>>> print(open('model-v5.pdb').read())   # PDB, C-alpha atoms
ATOM      1  CA  MET A  14      88.072  88.031  76.591  1.00  0.00           C
ATOM      2  CA  SER A  15      84.549  89.287  76.038  1.00  0.00           C
ATOM      3  CA  ARG A  16      83.245  86.016  77.490  1.00  0.00           C
ATOM      4  CA  LEU A  17      84.744  86.768  80.886  1.00  0.00           C
ATOM      5  CA  ASP A  18      82.535  88.143  83.605  1.00  0.00           C
ATOM      6  CA  LEU A  19      83.782  90.628  86.199  1.00  0.00           C
ATOM      7  CA  LYS A  20      84.201  87.982  88.924  1.00  0.00           C
ATOM      8  CA  THR A  21      86.381  85.815  86.632  1.00  0.00           C
ATOM      9  CA  LYS A  22      88.457  88.822  85.520  1.00  0.00           C
ATOM     10  CA  LEU A  23      89.004  89.751  89.164  1.00  0.00           C
ATOM     11  CA  PHE A  24      89.975  86.158  90.060  1.00  0.00           C
ATOM     12  CA  LEU A  25      92.497  86.034  87.193  1.00  0.00           C
ATOM     13  CA  SER A  26      93.924  89.380  88.244  1.00  0.00           C
ATOM     14  CA  ILE A  27      94.275  88.377  91.904  1.00  0.00           C
ATOM     15  CA  THR A  28      95.937  85.076  90.989  1.00  0.00           C
ATOM     16  CA  ASN A  29      98.304  86.916  88.618  1.00  0.00           C
ATOM     17  CA  VAL A  30      97.267  84.957  85.511  1.00  0.00           C
ATOM     18  CA  VAL A  31      98.614  86.214  82.197  1.00  0.00           C
ATOM     19  CA  ILE A  32      96.325  85.566  79.237  1.00  0.00           C
ATOM     20  CA  GLU A  33      98.033  84.452  76.043  1.00  0.00           C
ATOM     21  CA  LYS A  34      95.913  85.389  73.068  1.00  0.00           C
ATOM     22  CA  LYS A  35      97.309  82.949  70.506  1.00  0.00           C
ATOM     23  CA  HIS A  36      96.466  79.304  71.205  1.00  0.00           C
ATOM     24  CA  LYS A  37      99.613  77.477  70.111  1.00  0.00           C
ATOM     25  CA  TYR A  38     101.214  74.312  71.433  1.00  0.00           C
ATOM     26  CA  THR A  39     104.884  74.676  72.319  1.00  0.00           C
ATOM     27  CA  ILE A  40     107.574  72.439  73.725  1.00  0.00           C
ATOM     28  CA  GLY A  41     109.458  73.815  76.663  1.00  0.00           C
ATOM     29  CA  LYS A  42     108.877  75.438  79.970  1.00  0.00           C
ATOM     30  CA  VAL A  43     105.999  77.857  80.283  1.00  0.00           C
ATOM     31  CA  PRO A  44     105.526  80.148  83.275  1.00  0.00           C
ATOM     32  CA  TYR A  45     102.952  78.622  85.637  1.00  0.00           C
ATOM     33  CA  ASN A  46     100.609  81.609  85.376  1.00  0.00           C
ATOM     34  CA  VAL A  47     100.107  81.718  81.569  1.00  0.00           C
ATOM     35  CA  ALA A  48      96.614  80.733  80.444  1.00  0.00           C
ATOM     36  CA  TYR A  49      94.393  80.560  77.392  1.00  0.00           C
ATOM     37  CA  VAL A  50      90.804  81.748  77.239  1.00  0.00           C
ATOM     38  CA  PHE A  51      88.478  79.660  75.095  1.00  0.00           C
ATOM     39  CA  ASP A  52      85.005  81.044  74.324  1.00  0.00           C
ATOM     40  CA  SER A  53      83.383  77.652  74.925  1.00  0.00           C
ATOM     41  CA  TYR A  54      84.100  74.097  75.962  1.00  0.00           C
ATOM     42  CA  GLU A  55      83.742  73.053  72.301  1.00  0.00           C
ATOM     43  CA  GLU A  56      86.504  75.491  71.285  1.00  0.00           C
ATOM     44  CA  PHE A  57      88.641  74.102  74.133  1.00  0.00           C
ATOM     45  CA  LYS A  58      88.109  70.525  72.874  1.00  0.00           C
ATOM     46  CA  LYS A  59      88.849  71.522  69.272  1.00  0.00           C
ATOM     47  CA  TYR A  60      92.188  72.959  70.379  1.00  0.00           C
ATOM     48  CA  PHE A  61      93.246  69.524  71.661  1.00  0.00           C
ATOM     49  CA  GLU A  62      91.702  67.680  68.708  1.00  0.00           C
ATOM     50  CA  PHE A  63      93.890  69.742  66.369  1.00  0.00           C
ATOM     51  CA  TYR A  64      96.990  68.154  67.960  1.00  0.00           C
ATOM     52  CA  LEU A  65      95.595  64.807  69.099  1.00  0.00           C
ATOM     53  CA  PRO A  66      93.093  62.613  67.261  1.00  0.00           C
ATOM     54  CA  ASP A  67      91.477  61.093  70.330  1.00  0.00           C
ATOM     55  CA  VAL A  68      92.046  62.499  73.786  1.00  0.00           C
ATOM     56  CA  PRO A  69      89.726  61.644  76.682  1.00  0.00           C
ATOM     57  CA  GLU A  70      87.796  64.585  78.137  1.00  0.00           C
ATOM     58  CA  GLU A  71      88.821  63.630  81.667  1.00  0.00           C
ATOM     59  CA  VAL A  72      92.439  64.184  80.625  1.00  0.00           C
ATOM     60  CA  ILE A  73      91.989  67.550  78.914  1.00  0.00           C
ATOM     61  CA  ASN A  74      89.774  68.746  81.758  1.00  0.00           C
ATOM     62  CA  LEU A  75      92.853  68.640  83.992  1.00  0.00           C
ATOM     63  CA  ALA A  76      94.084  71.782  82.211  1.00  0.00           C
ATOM     64  CA  ILE A  77      91.001  73.836  83.152  1.00  0.00           C
ATOM     65  CA  TYR A  78      91.900  76.526  85.658  1.00  0.00           C
ATOM     66  CA  THR A  79      88.436  78.058  85.938  1.00  0.00           C
ATOM     67  CA  LYS A  80      85.231  78.727  84.001  1.00  0.00           C
ATOM     68  CA  SER A  81      83.403  81.993  83.622  1.00  0.00           C
ATOM     69  CA  LYS A  82      79.665  82.431  84.164  1.00  0.00           C
ATOM     70  CA  LYS A  83      79.414  83.259  80.447  1.00  0.00           C
ATOM     71  CA  GLY A  84      80.807  79.834  79.465  1.00  0.00           C
ATOM     72  CA  ALA A  85      84.429  80.704  78.756  1.00  0.00           C
ATOM     73  CA  ILE A  86      87.075  78.163  79.694  1.00  0.00           C
ATOM     74  CA  ILE A  87      90.360  79.359  81.173  1.00  0.00           C
ATOM     75  CA  ALA A  88      93.036  76.705  80.778  1.00  0.00           C
ATOM     76  CA  LEU A  89      96.648  76.803  81.919  1.00  0.00           C
ATOM     77  CA  LYS A  90      98.952  76.753  78.894  1.00  0.00           C
ATOM     78  CA  GLY A  91     101.635  74.694  80.627  1.00  0.00           C
ATOM     79  CA  LEU A  92      99.137  71.941  81.426  1.00  0.00           C
ATOM     80  CA  CYS A  93      97.704  72.032  77.892  1.00  0.00           C
ATOM     81  CA  ASP A  94     101.219  71.667  76.461  1.00  0.00           C
ATOM     82  CA  GLN A  95     102.085  68.872  78.886  1.00  0.00           C
ATOM     83  CA  ILE A  96      98.923  66.905  78.053  1.00  0.00           C
ATOM     84  CA  ILE A  97      99.666  67.147  74.338  1.00  0.00           C
ATOM     85  CA  THR A  98     103.336  66.236  74.790  1.00  0.00           C
ATOM     86  CA  GLN A  99     102.615  63.226  76.999  1.00  0.00           C
ATOM     87  CA  SER A 100      99.848  62.007  74.687  1.00  0.00           C
ATOM     88  CA  LYS A 101     102.123  62.264  71.645  1.00  0.00           C
ATOM     89  CA  LEU A 102     104.888  60.355  73.406  1.00  0.00           C
ATOM     90  CA  GLN A 103     102.930  57.193  74.028  1.00  0.00           C
ATOM     91  CA  TYR A 104     105.347  54.364  73.422  1.00  0.00           C
ATOM     92  CA  TYR A 105     105.378  50.668  73.909  1.00  0.00           C
ATOM     93  CA  ILE A 106     108.080  48.044  74.135  1.00  0.00           C
ATOM     94  CA  LYS A 107     106.550  44.669  73.402  1.00  0.00           C
ATOM     95  CA  PRO A 108     107.221  42.085  76.102  1.00  0.00           C
ATOM     96  CA  LEU A 109     109.272  39.257  74.623  1.00  0.00           C
ATOM     97  CA  SER A 110     109.132  35.575  75.415  1.00  0.00           C
ATOM     98  CA  GLN A 111     112.344  33.721  76.263  1.00  0.00           C
ATOM     99  CA  LYS A 112     112.201  32.100  72.817  1.00  0.00           C
ATOM    100  CA  GLU A 113     111.956  35.495  71.072  1.00  0.00           C
ATOM    101  CA  ILE A 114     114.881  36.820  73.126  1.00  0.00           C
ATOM    102  CA  GLU A 115     116.966  33.756  72.212  1.00  0.00           C
ATOM    103  CA  GLU A 116     116.113  34.255  68.505  1.00  0.00           C
ATOM    104  CA  ILE A 117     117.265  37.880  68.674  1.00  0.00           C
ATOM    105  CA  HIS A 118     120.473  36.823  70.444  1.00  0.00           C
ATOM    106  CA  SER A 119     121.097  34.062  67.873  1.00  0.00           C
ATOM    107  CA  ARG A 120     121.306  36.777  65.194  1.00  0.00           C
ATOM    108  CA  GLY A 121     123.921  38.636  67.263  1.00  0.00           C
ATOM    109  CA  LYS A 122     121.431  41.330  68.229  1.00  0.00           C
ATOM    110  CA  ILE A 123     120.034  42.573  71.544  1.00  0.00           C
ATOM    111  CA  THR A 124     116.517  43.524  72.671  1.00  0.00           C
ATOM    112  CA  PRO A 125     115.336  47.130  73.069  1.00  0.00           C
ATOM    113  CA  LEU A 126     115.491  46.894  76.881  1.00  0.00           C
ATOM    114  CA  GLU A 127     119.004  45.455  76.710  1.00  0.00           C
ATOM    115  CA  LYS A 128     119.943  48.369  74.454  1.00  0.00           C
ATOM    116  CA  VAL A 129     118.626  50.834  77.057  1.00  0.00           C
ATOM    117  CA  LYS A 130     120.770  49.136  79.721  1.00  0.00           C
ATOM    118  CA  GLU A 131     123.771  49.285  77.400  1.00  0.00           C
ATOM    119  CA  TRP A 132     123.299  53.017  76.685  1.00  0.00           C
ATOM    120  CA  GLU A 133     122.895  53.695  80.401  1.00  0.00           C
ATOM    121  CA  ALA A 134     125.972  51.628  81.314  1.00  0.00           C
ATOM    122  CA  PHE A 135     128.094  53.785  78.994  1.00  0.00           C
ATOM    123  CA  ASP A 136     126.282  56.988  80.036  1.00  0.00           C
ATOM    124  CA  LEU A 137     125.264  57.621  76.424  1.00  0.00           C
ATOM    125  CA  CYS A 138     122.560  59.879  75.061  1.00  0.00           C
ATOM    126  CA  ALA A 139     121.421  57.685  72.193  1.00  0.00           C
ATOM    127  CA  PRO A 140     119.345  60.289  70.325  1.00  0.00           C
ATOM    128  CA  GLY A 141     122.050  62.997  70.360  1.00  0.00           C
ATOM    129  CA  ASP A 142     124.251  65.228  72.431  1.00  0.00           C
ATOM    130  CA  THR A 143     121.666  66.734  74.861  1.00  0.00           C
ATOM    131  CA  ILE A 144     122.870  70.218  74.001  1.00  0.00           C
ATOM    132  CA  GLY A 145     121.640  71.020  70.529  1.00  0.00           C
ATOM    133  CA  SER A 146     120.413  68.100  68.510  1.00  0.00           C
ATOM    134  CA  VAL A 147     118.072  66.663  71.133  1.00  0.00           C
ATOM    135  CA  ALA A 148     117.607  69.472  73.626  1.00  0.00           C
ATOM    136  CA  LYS A 149     113.858  69.380  72.907  1.00  0.00           C
ATOM    137  CA  ARG A 150     113.738  65.695  73.909  1.00  0.00           C
ATOM    138  CA  CYS A 151     115.384  66.600  77.223  1.00  0.00           C
ATOM    139  CA  VAL A 152     112.616  69.127  77.841  1.00  0.00           C
ATOM    140  CA  GLN A 153     109.894  66.693  76.718  1.00  0.00           C
ATOM    141  CA  PHE A 154     111.108  64.068  79.184  1.00  0.00           C
ATOM    142  CA  SER A 155     111.907  66.562  81.986  1.00  0.00           C
ATOM    143  CA  ASN A 156     115.561  65.477  81.786  1.00  0.00           C
ATOM    144  CA  ASN A 157     114.600  61.896  82.654  1.00  0.00           C
ATOM    145  CA  CYS A 158     117.195  60.057  80.534  1.00  0.00           C
ATOM    146  CA  HIS A 159     115.819  56.594  81.321  1.00  0.00           C
ATOM    147  CA  GLU A 160     112.334  57.433  80.002  1.00  0.00           C
ATOM    148  CA  CYS A 161     113.843  59.120  76.941  1.00  0.00           C
ATOM    149  CA  LEU A 162     115.998  56.089  76.169  1.00  0.00           C
ATOM    150  CA  ILE A 163     113.081  53.690  76.595  1.00  0.00           C
ATOM    151  CA  GLU A 164     110.967  55.752  74.196  1.00  0.00           C
ATOM    152  CA  TYR A 165     113.869  55.930  71.736  1.00  0.00           C
ATOM    153  CA  ALA A 166     114.517  52.171  71.953  1.00  0.00           C
ATOM    154  CA  SER A 167     110.829  51.426  71.305  1.00  0.00           C
ATOM    155  CA  HIS A 168     111.313  52.425  67.643  1.00  0.00           C
ATOM    156  CA  GLN A 169     113.007  49.109  66.745  1.00  0.00           C
ATOM    157  CA  SER A 170     112.492  45.485  67.731  1.00  0.00           C
ATOM    158  CA  GLU A 171     116.218  44.640  67.973  1.00  0.00           C
ATOM    159  CA  TYR A 172     119.605  46.354  68.000  1.00  0.00           C
ATOM    160  CA  ASP A 173     123.253  45.713  67.324  1.00  0.00           C
ATOM    161  CA  PRO A 174     125.251  45.665  70.538  1.00  0.00           C
ATOM    162  CA  ILE A 175     127.993  48.244  70.988  1.00  0.00           C
ATOM    163  CA  SER A 176     131.302  46.746  69.959  1.00  0.00           C
ATOM    164  CA  PHE A 177     134.686  48.232  70.728  1.00  0.00           C
ATOM    165  CA  LYS A 178     137.443  47.454  68.276  1.00  0.00           C
ATOM    166  CA  HIS A 179     141.117  47.670  69.213  1.00  0.00           C
TER
END
>>> encode(input="model-v5.pdb", output="structure tokens")
Amino acid sequence: MSRLDLKTKLFLSITNVVIEKKHKYTIGKVPYNVAYVFDSYEEFKKYFEFYLPDVPEEVINLAIYTKSKKGAIIALKGLCDQIITQSKLQYYIKPLSQKEIEEIHSRGKITPLEKVKEWEAFDLCAPGDTIGSVAKRCVQFSNNCHECLIEYASHQSEYDPISFKH
């Protein structure tokens, strides 16, 4: 915190910001007022580069709470964590042509989006039980089951439909 000038220290005190000394990405809720102090913008960038290979500066700059006159960057931990989490969870379900869908169906399979609809229709948590085995996913997706299921379904190009046997 030696890179903080008196005005910045006063601002952080008035706004009730708590400085966390160890810069470590975590999954889960972080109090809104927890922040990191980086000695320079380069150190701030290196923090993100450790977790993400290529993150645009305009994205990481969203985490900056304030800057000191001495060049220190004060960044909100919750925003840093959220940027890393969202960047890591980039997923993509390839749009399929009607012919590709028919080919998948001809093999007795269903598409990833059809699988999401199936899971939702049966109110299933595909990755786990939402209590222990996938509780971190619930936090990552802010308890948005639809987004979680879409990300989970994006890992395969086709699925077996659920079948109930009597």
>>> atom_distance(input="model-v5.pdb", atom1="atom CA of Ile32 of chain A", atom2="atom CA of Phe51 of chain A")
10.7 Å
>>> closest_residue(input="model-v5.pdb", among="A:Phe135, A:Tyr64, A:Tyr54, A:Tyr172", to="Lys80 of chain A", atoms="all atoms listed in the file")
A:Tyr54
>>> residues_around(input="model-v5.pdb", residues="Pro140 of chain A", least_positions_apart="2", cutoff="8 Å", atoms="all atoms listed in the file", output="tab-separated table (two decimals) with C-alpha atoms, in the frame of the given file")
chain	number	residue	atom	x	y	z
A	138	CYS	CA	122.56	59.88	75.06
A	142	ASP	CA	124.25	65.23	72.43
A	147	VAL	CA	118.07	66.66	71.13
A	162	LEU	CA	116.00	56.09	76.17
A	165	TYR	CA	113.87	55.93	71.74
>>> residues_around(input="model-v5.pdb", residues="Glu56 of chain A", least_positions_apart="4", cutoff="12 Å", atoms="all atoms listed in the file", output="short mmCIF file (atom, residue, chain, number, x, y, z; two decimals) with C-alpha atoms, in the frame of the given file")
data_model
loop_
_atom_site.label_atom_id
_atom_site.label_comp_id
_atom_site.auth_asym_id
_atom_site.auth_seq_id
_atom_site.Cartn_x
_atom_site.Cartn_y
_atom_site.Cartn_z
CA HIS A 36 96.47 79.30 71.20
CA TYR A 49 94.39 80.56 77.39
CA VAL A 50 90.80 81.75 77.24
CA PHE A 51 88.48 79.66 75.10
CA ASP A 52 85.00 81.04 74.32
CA TYR A 60 92.19 72.96 70.38
CA PHE A 61 93.25 69.52 71.66
CA GLU A 62 91.70 67.68 68.71
CA PHE A 63 93.89 69.74 66.37
CA GLY A 84 80.81 79.83 79.46
CA ALA A 85 84.43 80.70 78.76
CA ILE A 86 87.08 78.16 79.69
CA ILE A 87 90.36 79.36 81.17
CA ALA A 88 93.04 76.70 80.78
#
>>> closest_residue(input="model-v5.pdb", among="A:Gln111, A:Asn157, A:Ser53, A:Thr124", to="Ile77 of chain A", atoms="only C-alpha atoms")
A:Ser53
